[in-house]
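The structure file run-v4.cif is reproduced below (mmCIF, N, CA and C atoms).
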```cif
data_work
loop_
_atom_site.label_atom_id
_atom_site.label_comp_id
_atom_site.auth_asym_id
_atom_site.auth_seq_id
_atom_site.Cartn_x
_atom_site.Cartn_y
_atom_site.Cartn_z
N MET A 3 136.82 120.15 -176.94
CA MET A 3 136.37 119.38 -178.08
C MET A 3 136.45 117.89 -177.77
N LEU A 4 135.50 117.16 -178.28
CA LEU A 4 135.41 115.73 -178.00
C LEU A 4 136.44 114.96 -178.82
N ASN A 5 137.23 114.17 -178.14
CA ASN A 5 138.16 113.26 -178.81
C ASN A 5 137.40 111.94 -178.99
N THR A 6 137.07 111.63 -180.23
CA THR A 6 136.23 110.45 -180.48
C THR A 6 136.91 109.14 -180.10
N GLU A 7 138.24 109.08 -180.18
CA GLU A 7 138.93 107.85 -179.79
C GLU A 7 138.85 107.64 -178.29
N GLU A 8 139.02 108.71 -177.50
CA GLU A 8 138.90 108.59 -176.04
C GLU A 8 137.47 108.23 -175.66
N PHE A 9 136.50 108.89 -176.31
CA PHE A 9 135.10 108.59 -176.04
C PHE A 9 134.83 107.11 -176.33
N GLY A 10 135.33 106.63 -177.45
CA GLY A 10 135.12 105.24 -177.83
C GLY A 10 135.71 104.27 -176.82
N ARG A 11 136.91 104.57 -176.34
CA ARG A 11 137.53 103.69 -175.33
C ARG A 11 136.70 103.69 -174.05
N ARG A 12 136.21 104.86 -173.62
CA ARG A 12 135.38 104.91 -172.42
C ARG A 12 134.09 104.12 -172.62
N LEU A 13 133.49 104.30 -173.80
CA LEU A 13 132.25 103.59 -174.10
C LEU A 13 132.47 102.08 -174.05
N ALA A 14 133.54 101.61 -174.67
CA ALA A 14 133.84 100.17 -174.67
C ALA A 14 134.05 99.67 -173.25
N THR A 15 134.79 100.42 -172.46
CA THR A 15 135.05 100.03 -171.07
C THR A 15 133.76 99.96 -170.28
N LEU A 16 132.92 100.98 -170.40
CA LEU A 16 131.65 101.01 -169.67
C LEU A 16 130.73 99.87 -170.12
N ARG A 17 130.72 99.59 -171.41
CA ARG A 17 129.89 98.49 -171.92
C ARG A 17 130.37 97.16 -171.35
N GLN A 18 131.68 96.96 -171.35
CA GLN A 18 132.23 95.70 -170.83
C GLN A 18 131.95 95.58 -169.33
N GLN A 19 132.06 96.69 -168.61
CA GLN A 19 131.78 96.66 -167.18
C GLN A 19 130.31 96.33 -166.91
N SER A 20 129.44 96.72 -167.83
CA SER A 20 128.01 96.43 -167.66
C SER A 20 127.69 94.97 -167.98
N GLY A 21 128.67 94.29 -168.60
CA GLY A 21 128.47 92.88 -168.95
C GLY A 21 127.67 92.67 -170.22
N LYS A 22 127.53 93.73 -171.02
CA LYS A 22 126.74 93.62 -172.24
C LYS A 22 127.64 93.48 -173.46
N LYS A 23 127.09 92.84 -174.47
CA LYS A 23 127.76 92.73 -175.76
C LYS A 23 127.31 93.89 -176.64
N GLN A 24 128.09 94.17 -177.67
CA GLN A 24 127.73 95.26 -178.58
C GLN A 24 126.33 95.06 -179.14
N ARG A 25 126.00 93.83 -179.48
CA ARG A 25 124.68 93.54 -180.05
C ARG A 25 123.56 93.90 -179.08
N GLU A 26 123.75 93.62 -177.80
CA GLU A 26 122.72 93.94 -176.80
C GLU A 26 122.49 95.44 -176.72
N VAL A 27 123.57 96.19 -176.68
CA VAL A 27 123.46 97.65 -176.62
C VAL A 27 122.78 98.15 -177.90
N ALA A 28 123.21 97.62 -179.02
CA ALA A 28 122.63 98.02 -180.31
C ALA A 28 121.12 97.76 -180.34
N ASP A 29 120.71 96.58 -179.90
CA ASP A 29 119.29 96.23 -179.90
C ASP A 29 118.50 97.17 -179.01
N GLU A 30 119.05 97.51 -177.85
CA GLU A 30 118.36 98.41 -176.93
C GLU A 30 118.20 99.81 -177.52
N LEU A 31 119.17 100.22 -178.34
CA LEU A 31 119.15 101.58 -178.90
C LEU A 31 118.52 101.65 -180.28
N GLY A 32 118.26 100.50 -180.88
CA GLY A 32 117.68 100.49 -182.21
C GLY A 32 118.68 100.85 -183.30
N VAL A 33 119.94 100.47 -183.08
CA VAL A 33 120.99 100.69 -184.08
C VAL A 33 121.64 99.34 -184.39
N THR A 34 122.54 99.34 -185.34
CA THR A 34 123.23 98.09 -185.68
C THR A 34 124.43 97.87 -184.75
N PRO A 35 124.85 96.62 -184.59
CA PRO A 35 126.06 96.36 -183.83
C PRO A 35 127.28 97.04 -184.47
N GLN A 36 127.24 97.21 -185.78
CA GLN A 36 128.33 97.88 -186.48
C GLN A 36 128.43 99.35 -186.05
N ALA A 37 127.29 99.98 -185.79
CA ALA A 37 127.30 101.36 -185.32
C ALA A 37 127.98 101.45 -183.96
N VAL A 38 127.64 100.53 -183.06
CA VAL A 38 128.27 100.52 -181.73
C VAL A 38 129.77 100.28 -181.88
N SER A 39 130.15 99.39 -182.76
CA SER A 39 131.57 99.12 -183.00
C SER A 39 132.28 100.38 -183.49
N LYS A 40 131.66 101.12 -184.40
CA LYS A 40 132.26 102.36 -184.91
C LYS A 40 132.42 103.38 -183.79
N TRP A 41 131.44 103.48 -182.91
CA TRP A 41 131.55 104.41 -181.78
C TRP A 41 132.74 104.03 -180.92
N GLU A 42 132.85 102.72 -180.62
CA GLU A 42 133.92 102.26 -179.72
C GLU A 42 135.30 102.39 -180.36
N ARG A 43 135.38 102.37 -181.67
CA ARG A 43 136.66 102.54 -182.35
C ARG A 43 136.97 104.00 -182.65
N GLY A 44 136.07 104.89 -182.27
CA GLY A 44 136.30 106.32 -182.48
C GLY A 44 136.10 106.77 -183.91
N LEU A 45 135.41 105.97 -184.71
CA LEU A 45 135.17 106.34 -186.10
C LEU A 45 133.95 107.22 -186.27
N SER A 46 133.04 107.16 -185.29
CA SER A 46 131.86 108.01 -185.28
C SER A 46 131.36 108.09 -183.84
N CYS A 47 130.33 108.90 -183.64
CA CYS A 47 129.75 109.07 -182.30
C CYS A 47 128.25 108.89 -182.38
N PRO A 48 127.65 108.47 -181.28
CA PRO A 48 126.19 108.34 -181.27
C PRO A 48 125.55 109.72 -181.39
N ASP A 49 124.35 109.75 -181.91
CA ASP A 49 123.59 110.98 -181.99
C ASP A 49 123.35 111.50 -180.57
N ILE A 50 123.40 112.80 -180.41
CA ILE A 50 123.23 113.40 -179.08
C ILE A 50 121.90 113.02 -178.45
N LEU A 51 120.88 112.80 -179.27
CA LEU A 51 119.57 112.43 -178.76
C LEU A 51 119.55 111.01 -178.18
N MET A 52 120.59 110.24 -178.46
CA MET A 52 120.69 108.86 -177.99
C MET A 52 121.44 108.74 -176.66
N LEU A 53 122.07 109.81 -176.21
CA LEU A 53 122.93 109.72 -175.02
C LEU A 53 122.18 109.27 -173.77
N ASP A 54 120.95 109.72 -173.60
CA ASP A 54 120.18 109.33 -172.41
C ASP A 54 119.91 107.82 -172.42
N GLU A 55 119.49 107.31 -173.57
CA GLU A 55 119.25 105.86 -173.69
C GLU A 55 120.54 105.07 -173.54
N LEU A 56 121.62 105.57 -174.12
CA LEU A 56 122.90 104.88 -174.04
C LEU A 56 123.38 104.80 -172.60
N SER A 57 123.31 105.91 -171.89
CA SER A 57 123.76 105.90 -170.50
C SER A 57 122.88 104.98 -169.65
N SER A 58 121.57 105.01 -169.90
CA SER A 58 120.66 104.11 -169.16
C SER A 58 120.97 102.65 -169.45
N SER A 59 121.26 102.35 -170.70
CA SER A 59 121.58 100.98 -171.09
C SER A 59 122.81 100.47 -170.35
N LEU A 60 123.77 101.37 -170.15
CA LEU A 60 125.03 100.98 -169.49
C LEU A 60 124.98 101.16 -167.97
N GLY A 61 123.91 101.75 -167.47
CA GLY A 61 123.76 101.94 -166.03
C GLY A 61 124.67 103.01 -165.46
N VAL A 62 124.95 104.04 -166.27
CA VAL A 62 125.81 105.14 -165.83
C VAL A 62 125.14 106.46 -166.16
N SER A 63 125.71 107.53 -165.65
CA SER A 63 125.21 108.86 -165.99
C SER A 63 125.74 109.28 -167.36
N ILE A 64 125.09 110.26 -167.95
CA ILE A 64 125.59 110.80 -169.22
C ILE A 64 126.99 111.35 -169.01
N ALA A 65 127.22 111.98 -167.87
CA ALA A 65 128.54 112.53 -167.58
C ALA A 65 129.61 111.44 -167.59
N ALA A 66 129.26 110.24 -167.14
CA ALA A 66 130.24 109.15 -167.10
C ALA A 66 130.72 108.76 -168.49
N LEU A 67 129.90 109.00 -169.49
CA LEU A 67 130.31 108.71 -170.86
C LEU A 67 131.47 109.62 -171.31
N PHE A 68 131.59 110.77 -170.64
CA PHE A 68 132.57 111.77 -171.07
C PHE A 68 133.70 111.99 -170.07
N GLU A 69 133.60 111.43 -168.87
CA GLU A 69 134.62 111.65 -167.84
C GLU A 69 135.55 110.46 -167.75
N LYS A 70 136.82 110.69 -167.96
CA LYS A 70 137.81 109.61 -167.93
C LYS A 70 137.80 108.85 -166.62
N ASN A 71 137.76 109.57 -165.50
CA ASN A 71 137.92 108.93 -164.20
C ASN A 71 136.76 108.02 -163.83
N GLU A 72 135.60 108.11 -164.49
CA GLU A 72 134.49 107.24 -164.16
C GLU A 72 134.48 105.96 -164.98
N ALA A 73 135.28 105.90 -166.03
CA ALA A 73 135.30 104.72 -166.90
C ALA A 73 136.53 103.88 -166.59
N ARG A 74 136.50 103.22 -165.46
CA ARG A 74 137.65 102.40 -165.03
C ARG A 74 137.42 100.95 -165.30
#
```
Since I need it in another form, could you write the structure as structure tokens?
Amino acid sequence: MLNTEEFGRRLATLRQQSGKKQREVADELGVTPQAVSKWERGLSCPDILMLDELSSSLGVSIAALFEKNEAR
């Protein structure tokens, strides 16, 4: 089962490593910066249909969004 807090921490780390701000990711995905903030805080998760765009935006594989060891 997905731990939304762990997912959020990985997402925040990967976003920071990509050098992007929450607003940039939000604009690329067509969501609000508040939505990205909620994902990173583990309060919600992106829609499954958005994972391909999200991973592309961050320059990582979809698997990297879920694997602890890839989000360093």
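For the set A:Leu13, A:Gln24, A:Leu31, A:Thr6, the residue with the smallest atom-to-atom gap to Leu67 of chain A is A:Leu13, counting only N, CA and C atoms.
Our summary of the geometry notes that atom CA of Asp49 of chain A is positioned 19.4 Å from atom N of Gln18 of chain A.
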First collect every listed atom of segment 24-32 of chain A; then fit an axis-aligned box around them, widen it by 4 Å on each side, and give centre and edge lengths in Å to one decimal, as AutoDock Vina command-line options.
```
--center_x 122.9 --center_y 97.6 --center_z -180.0 --size_x 18.4 --size_y 16.1 --size_z 14.7
```
Residue with smallest distance to Leu60 of chain A - pool A:Arg12, A:Arg17, A:Lys40, A:Lys23, counting only N, CA and C atoms: A:Arg17
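One distance worth recording is that between atom CA of Glu42 of chain A and atom C of Val27 of chain A, which is 12.0 Å.
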Atomic distance atom CA of Ser20 of chain A - atom CA of Ala66 of chain A, expressed in Å with one decimal: 12.9 Å
Shell of 8 Å around Phe9 of chain A, all atoms listed in the file, local chain residues under 4 positions omitted, as a PyMOL selection string: chain A and resi 4-5+13-15+41-44+67-69
DSSP helix (DSSP H, G or I) residues within chain A, as number ranges by chain: A: 6-20, 24-31, 35-42, 50-60, 64-68, 70-72
Shell around Ala37 of chain A at 9 Å using only C-alpha atoms, local window under 2 positions removed, as number ranges by chain: A: 28, 33-35, 39-42, 46-48
